[in-house]
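Heads up, protein.csv below (CSV, C-alpha atoms):
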```csv
chain,number,residue,atom,x,y,z
Z,31,MET,CA,-15.1,198.9,226.6
Z,32,PRO,CA,-18.6,197.3,226.1
Z,33,ILE,CA,-17.7,195.7,222.8
Z,34,ASP,CA,-15.0,193.7,224.6
Z,35,ALA,CA,-17.6,192.0,226.8
Z,36,THR,CA,-19.6,191.2,223.6
Z,37,LEU,CA,-16.5,189.6,222.0
Z,38,LYS,CA,-15.7,187.5,225.0
Z,39,ALA,CA,-19.3,186.4,225.2
Z,40,LEU,CA,-19.3,185.4,221.6
Z,41,ALA,CA,-15.9,183.7,221.7
Z,42,GLU,CA,-17.3,180.4,223.1
Z,43,PRO,CA,-18.9,178.1,220.5
Z,44,ARG,CA,-21.7,176.9,222.8
Z,45,ARG,CA,-22.7,180.5,223.5
Z,46,ARG,CA,-22.9,181.1,219.8
Z,47,GLU,CA,-25.0,178.0,219.5
Z,48,ILE,CA,-27.3,179.3,222.3
Z,49,LEU,CA,-27.6,182.6,220.5
Z,50,ARG,CA,-28.6,180.8,217.3
Z,51,LEU,CA,-31.3,178.8,219.2
Z,52,VAL,CA,-32.9,181.9,220.6
Z,53,TRP,CA,-32.4,184.0,217.5
Z,54,SER,CA,-35.9,183.9,216.1
Z,55,HIS,CA,-38.0,182.8,219.1
Z,56,GLU,CA,-37.9,182.9,222.8
Z,57,LEU,CA,-37.0,179.7,224.6
Z,58,PRO,CA,-37.1,178.6,228.3
Z,59,ALA,CA,-33.8,177.8,229.9
Z,60,THR,CA,-34.8,174.1,230.1
Z,61,ALA,CA,-35.3,173.8,226.4
Z,62,ILE,CA,-31.9,175.4,225.8
Z,63,ALA,CA,-30.3,173.0,228.3
Z,64,ASP,CA,-32.0,170.0,226.6
Z,65,HIS,CA,-30.4,171.0,223.3
Z,66,PHE,CA,-26.9,170.3,224.8
Z,67,ARG,CA,-26.6,166.7,225.7
Z,68,GLU,CA,-22.9,166.9,226.6
Z,69,VAL,CA,-23.2,170.1,228.7
Z,70,THR,CA,-24.5,170.2,232.3
Z,71,ARG,CA,-27.4,172.5,233.1
Z,72,PRO,CA,-25.3,174.6,235.5
Z,73,ALA,CA,-22.9,175.2,232.6
Z,74,VAL,CA,-25.7,176.2,230.3
Z,75,SER,CA,-26.9,178.5,233.0
Z,76,GLN,CA,-23.6,180.1,233.3
Z,77,HIS,CA,-23.4,180.6,229.5
Z,78,LEU,CA,-26.8,182.3,229.6
Z,79,GLY,CA,-25.6,184.5,232.3
Z,80,VAL,CA,-22.5,185.6,230.3
Z,81,LEU,CA,-24.7,186.3,227.2
Z,82,ARG,CA,-27.1,188.3,229.3
Z,83,ALA,CA,-24.4,190.3,231.0
Z,84,ALA,CA,-23.1,191.2,227.5
Z,85,GLY,CA,-26.6,192.3,226.4
Z,86,LEU,CA,-26.7,189.6,223.7
Z,87,VAL,CA,-29.8,187.9,225.2
Z,88,SER,CA,-32.7,189.2,227.3
Z,89,GLU,CA,-34.3,187.3,230.1
Z,90,ARG,CA,-38.0,187.3,231.0
Z,91,ARG,CA,-39.7,185.5,233.8
Z,92,ASP,CA,-43.0,183.6,233.3
Z,93,GLY,CA,-44.0,182.0,236.6
Z,94,THR,CA,-41.1,179.8,237.5
Z,95,ARG,CA,-39.7,179.7,234.0
Z,96,ARG,CA,-37.0,181.9,232.6
Z,97,LEU,CA,-37.3,182.7,228.9
Z,98,TYR,CA,-34.5,183.9,226.7
Z,99,ARG,CA,-34.4,185.7,223.5
Z,100,ALA,CA,-31.5,187.1,221.3
Z,101,GLU,CA,-31.1,190.9,221.4
Z,102,ARG,CA,-30.5,191.5,217.7
Z,103,ASP,CA,-29.8,195.2,218.0
Z,104,GLU,CA,-26.9,194.5,220.2
Z,105,ILE,CA,-25.5,192.0,217.7
Z,106,GLN,CA,-25.8,194.6,214.9
Z,107,LYS,CA,-23.5,196.8,216.8
Z,108,VAL,CA,-20.8,194.1,216.4
Z,109,ARG,CA,-21.2,194.5,212.6
Z,110,ALA,CA,-20.9,198.2,212.9
Z,111,PHE,CA,-17.7,197.7,214.8
Z,112,LEU,CA,-16.3,195.5,212.0
Z,113,ASP,CA,-17.1,198.2,209.5
Z,114,ASP,CA,-15.1,200.6,211.6
Z,115,TYR,CA,-12.2,198.2,211.7
Z,116,TRP,CA,-12.0,198.1,207.9
Z,117,THR,CA,-12.4,201.9,207.7
Z,118,SER,CA,-9.3,202.4,209.8
Z,119,GLY,CA,-7.2,199.8,207.9
Z,120,LEU,CA,-8.0,201.4,204.6
Z,121,SER,CA,-7.4,204.9,205.8
Z,122,ARG,CA,-3.9,203.8,206.9
Z,123,LEU,CA,-3.4,202.4,203.4
Z,124,ARG,CA,-4.5,205.7,201.9
Z,125,ASP,CA,-2.1,207.6,204.1
Z,126,VAL,CA,0.9,205.5,203.2
Z,127,ALA,CA,0.0,205.4,199.5
Z,128,GLU,CA,-0.6,209.1,199.3
Z,129,ALA,CA,2.8,209.7,201.0
Z,130,ALA,CA,4.4,207.4,198.4
Z,131,GLU,CA,2.7,209.3,195.6
Z,132,ARG,CA,4.0,212.6,196.9
Z,133,GLU,CA,7.5,211.1,197.1
Z,134,LYS,CA,7.3,210.0,193.5
Z,135,GLY,CA,6.2,213.6,192.5
Z,136,LYS,CA,9.4,215.0,194.0
Z,137,GLN,CA,11.7,212.7,192.0
Y,44,MET,CA,-23.9,185.1,202.3
Y,45,ALA,CA,-23.5,188.6,203.5
Y,46,GLU,CA,-20.8,190.9,202.4
Y,47,LEU,CA,-19.2,194.0,203.6
Y,48,VAL,CA,-18.3,196.7,201.1
Y,49,GLN,CA,-16.1,199.7,201.6
Y,50,GLU,CA,-14.8,202.3,199.2
Y,51,ILE,CA,-12.2,205.0,199.7
Y,52,MET,CA,-10.7,207.6,197.4
Y,53,ILE,CA,-6.9,207.7,197.4
Y,54,GLU,CA,-4.8,210.5,195.9
Y,55,ALA,CA,-2.4,208.1,194.3
Y,56,THR,CA,-2.3,206.0,191.2
Y,57,PRO,CA,-3.0,202.3,191.1
Y,58,GLU,CA,0.7,201.8,190.3
Y,59,THR,CA,1.6,203.4,193.6
Y,60,ILE,CA,-1.0,201.5,195.6
Y,61,TRP,CA,-0.4,198.1,194.2
Y,62,PRO,CA,2.9,197.3,196.0
Y,63,PHE,CA,1.3,198.1,199.3
Y,64,LEU,CA,-1.1,195.2,198.7
Y,65,THR,CA,1.5,192.7,197.3
Y,66,ASP,CA,4.9,193.5,198.8
Y,67,PRO,CA,5.3,192.3,202.4
Y,68,ASP,CA,7.6,195.1,203.4
Y,69,LYS,CA,5.2,197.8,202.1
Y,70,HIS,CA,2.2,195.9,203.5
Y,71,LEU,CA,3.8,196.3,207.0
Y,72,GLU,CA,3.6,200.0,206.6
Y,73,TRP,CA,-0.2,199.9,207.0
Y,74,GLU,CA,-1.2,196.6,208.4
Y,75,GLY,CA,0.5,193.7,210.2
Y,76,THR,CA,3.5,193.3,212.4
Y,77,LYS,CA,4.7,190.3,210.4
Y,78,VAL,CA,3.7,189.8,206.8
Y,79,GLU,CA,4.2,186.9,204.4
Y,80,LEU,CA,2.8,187.3,200.9
Y,81,ASP,CA,3.3,185.2,197.8
Y,82,PRO,CA,1.2,187.2,195.3
Y,83,ARG,CA,0.2,184.6,192.8
Y,84,PRO,CA,-2.8,182.3,192.6
Y,85,GLY,CA,-2.5,179.7,195.3
Y,86,GLY,CA,0.3,181.7,197.0
Y,87,VAL,CA,0.3,182.3,200.7
Y,88,TYR,CA,-1.3,185.3,202.5
Y,89,ARG,CA,-0.4,185.6,206.1
Y,90,VAL,CA,-0.6,188.8,208.1
Y,91,LEU,CA,0.1,188.8,211.8
Y,92,VAL,CA,-2.0,191.6,213.2
Y,93,ALA,CA,-1.1,193.5,216.4
Y,94,GLY,CA,1.5,190.9,217.2
Y,95,ALA,CA,-1.1,188.4,218.3
Y,96,TYR,CA,-3.7,187.6,215.7
Y,97,GLN,CA,-2.6,185.4,212.8
Y,98,SER,CA,-4.8,185.9,209.7
Y,99,ALA,CA,-4.2,183.4,206.9
Y,100,GLY,CA,-5.5,182.6,203.5
Y,101,GLU,CA,-4.2,182.3,199.9
Y,102,PHE,CA,-4.3,184.4,196.8
Y,103,VAL,CA,-7.0,183.5,194.3
Y,104,GLU,CA,-6.6,186.1,191.6
Y,105,LEU,CA,-4.3,189.0,190.7
Y,106,VAL,CA,-4.8,191.5,187.9
Y,107,PRO,CA,-1.9,193.9,188.4
Y,108,MET,CA,-2.9,197.4,189.2
Y,109,GLU,CA,-6.6,196.4,189.0
Y,110,LYS,CA,-7.7,193.6,191.2
Y,111,ILE,CA,-6.6,191.3,194.0
Y,112,VAL,CA,-8.6,188.5,195.5
Y,113,PHE,CA,-7.5,186.4,198.5
Y,114,THR,CA,-9.2,184.0,200.9
Y,115,PHE,CA,-9.1,184.9,204.5
Y,116,GLY,CA,-9.5,183.3,208.0
Y,117,TRP,CA,-7.7,183.0,211.3
Y,118,ASP,CA,-5.0,180.5,212.1
Y,119,GLN,CA,-5.6,180.1,215.8
Y,120,ASP,CA,-6.5,177.0,217.8
Y,121,ASP,CA,-9.4,178.5,219.6
Y,122,ASN,CA,-11.0,179.8,216.5
Y,123,PRO,CA,-13.5,177.7,214.7
Y,124,ILE,CA,-13.0,179.6,211.4
Y,125,ARG,CA,-10.3,178.0,209.3
Y,126,PRO,CA,-7.9,180.0,207.2
Y,127,GLY,CA,-9.5,180.7,203.9
Y,128,SER,CA,-13.1,180.6,204.9
Y,129,THR,CA,-14.0,184.1,203.7
Y,130,THR,CA,-12.9,186.0,200.6
Y,131,VAL,CA,-11.6,189.6,200.3
Y,132,GLU,CA,-11.7,191.3,196.9
Y,133,ILE,CA,-9.9,194.6,196.4
Y,134,THR,CA,-10.4,196.5,193.2
Y,135,LEU,CA,-8.6,199.7,192.1
Y,136,HIS,CA,-10.5,202.0,189.8
Y,137,ARG,CA,-8.3,204.7,188.2
Y,138,GLU,CA,-10.0,208.2,188.2
Y,139,GLY,CA,-7.5,210.7,186.7
Y,140,ASP,CA,-4.5,210.7,188.9
Y,141,LYS,CA,-6.5,209.3,191.8
Y,142,THR,CA,-7.8,205.8,192.6
Y,143,ARG,CA,-11.1,204.6,194.0
Y,144,LEU,CA,-10.4,201.5,196.1
Y,145,ARG,CA,-13.2,199.2,196.7
Y,146,LEU,CA,-13.0,196.3,199.2
Y,147,VAL,CA,-15.6,193.6,199.3
Y,148,HIS,CA,-15.4,191.1,202.1
Y,149,GLN,CA,-17.6,188.1,201.2
Y,150,GLY,CA,-18.8,185.1,203.2
Y,151,LEU,CA,-19.5,187.1,206.4
Y,152,PRO,CA,-22.7,186.3,208.1
Y,153,ASP,CA,-24.8,189.4,208.9
Y,154,ALA,CA,-26.9,189.3,212.0
Y,155,ASP,CA,-29.9,188.1,210.1
Y,156,ALA,CA,-27.9,185.2,208.8
Y,157,VAL,CA,-26.7,183.8,212.1
Y,158,GLU,CA,-29.0,180.8,211.9
Y,159,GLN,CA,-27.7,179.8,208.5
Y,160,HIS,CA,-24.1,180.6,209.0
Y,161,ARG,CA,-23.3,180.0,212.6
Y,162,HIS,CA,-19.7,179.2,212.0
Y,163,GLY,CA,-19.1,182.6,210.4
Y,164,TRP,CA,-19.2,184.2,213.7
Y,165,GLY,CA,-15.7,183.2,214.5
Y,166,HIS,CA,-14.4,185.3,211.8
Y,167,TYR,CA,-16.1,188.4,213.2
Y,168,LEU,CA,-14.7,187.6,216.6
Y,169,ASP,CA,-11.1,187.7,215.7
Y,170,ARG,CA,-11.4,190.7,213.5
Y,171,LEU,CA,-13.2,192.5,216.2
Y,172,SER,CA,-11.0,191.3,218.9
Y,173,VAL,CA,-8.1,192.8,217.1
Y,174,ARG,CA,-9.8,196.1,216.8
Y,175,ALA,CA,-11.0,196.0,220.3
Y,176,ALA,CA,-7.5,195.3,221.5
Y,177,GLY,CA,-6.0,198.3,219.8
Y,178,GLY,CA,-9.0,200.6,219.5
Y,179,ASP,CA,-7.4,202.8,216.9
Y,180,PRO,CA,-5.1,202.6,213.9
Y,181,GLY,CA,-2.1,202.3,216.3
Y,182,ALA,CA,-3.2,198.7,217.0
Y,183,ASP,CA,-0.9,197.2,214.4
Y,184,ARG,CA,2.2,198.4,216.0
Y,185,GLY,CA,1.4,196.1,218.8
Y,186,PRO,CA,1.5,198.3,221.9
Y,187,GLY,CA,1.5,196.5,225.2
Y,188,GLY,CA,-1.7,194.8,226.2
Y,189,GLU,CA,-3.4,193.1,223.4
Y,190,ALA,CA,-0.8,190.4,222.9
Y,191,SER,CA,-1.0,189.3,226.5
```

Can I see the file as structure tokens?
Amino acid sequence: MPIDATLKALAEPRRREILRLVWSHELPATAIADHFREVTRPAVSQHLGVLRAAGLVSERRDGTRRLYRAERDEIQKVRAFLDDYWTSGLSRLRDVAEAAEREKGKQ
Amino acid sequence: MAELVQEIMIEATPETIWPFLTDPDKHLEWEGTKVELDPRPGGVYRVLVAGAYQSAGEFVELVPMEKIVFTFGWDQDDNPIRPGSTTVEITLHREGDKTRLRLVHQGLPDADAVEQHRHGWGHYLDRLSVRAAGGDPGADRGPGGEAS
């Protein structure tokens, strides 16, 4: 399920931080790595790879640089998914409440 | 802060619906595999979803048959969102012998608010993980898979 990859990608705090960094403007990998003092560059690279595989960021090459940017549409799908989650919960509530109502009617 | 709003018409009276929101045993019938509810302001709200995801918060306001407000978050070590970090408000509007239920989940960041509310993402993650694990309304019965 594609949404599963999205969730796993977002489950790591540093990846969420990266997403925030590249939310409104494109950044080169070096600038992203510089933001994390306590994380090694290879580790940042790996996080970027996971985000990219999940479709949450796009990568563009400019000469030797790699530039990253958040894919907002993909992130909006996550919200749509949450909406769906509530819909199913409330429909279950409706089903059990309506069944209880019918039971009351019989008494 | 972003909010998520949902409405649903239920062919039952608020009196019938109310216990499903406040009585642990009845709550189990539609959500949760283990439910602990103390429906009074400051009282505990804990619903274990799909046998693996522990939601937690506390009741804020209760107006019997009309309105219930509770805080909400996830009580899990790997989740940056603390219990009680978002708020869910459910209101029941009587319409004849039916009820219009309205749910407003507040404190959620929408995509455009990520920069301002970065920590809010964690909440999404768990809610979504739960849904992703089950995939359909059967999820709460905790079929094999999602708990592992």

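Ranking Y:Gln149, Y:Lys77, Y:His136, Y:Leu144 by their shortest atom-to-atom distance to chain Z, with all atoms listed in the file included, puts Y:Leu144 first.
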
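The coordinates place CA of Thr70 (chain Z) at 18.6 Å from CA of Val52 (chain Z).
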
- Note on the structure: Across Y:Gln97, Y:Thr129, Y:Thr142, Y:Thr114, the smallest distance to chain Z, with only C-alpha atoms counted, is shown by Y:Thr142

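Restricting the calculation to all atoms listed in the file, the smallest distance between Thr59 (chain Y) and any of Z:Gln137, Z:Glu131, Z:Leu51, Z:Phe66 is found for Z:Glu131.
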
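Using all atoms listed in the file, the shortest contact distance between chain Z and any of Y:Glu74, Y:Asp68, Y:Asp140, Y:Glu46 is found at Y:Glu74.
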
- Tell me which protein, DNA and RNA residues are within 9 Å of Thr60 (chain Z), counting all atoms listed in the file, leaving out same-chain ones fewer than 6 positions away, and put them as number ranges by chain. Z: 71, 95-96
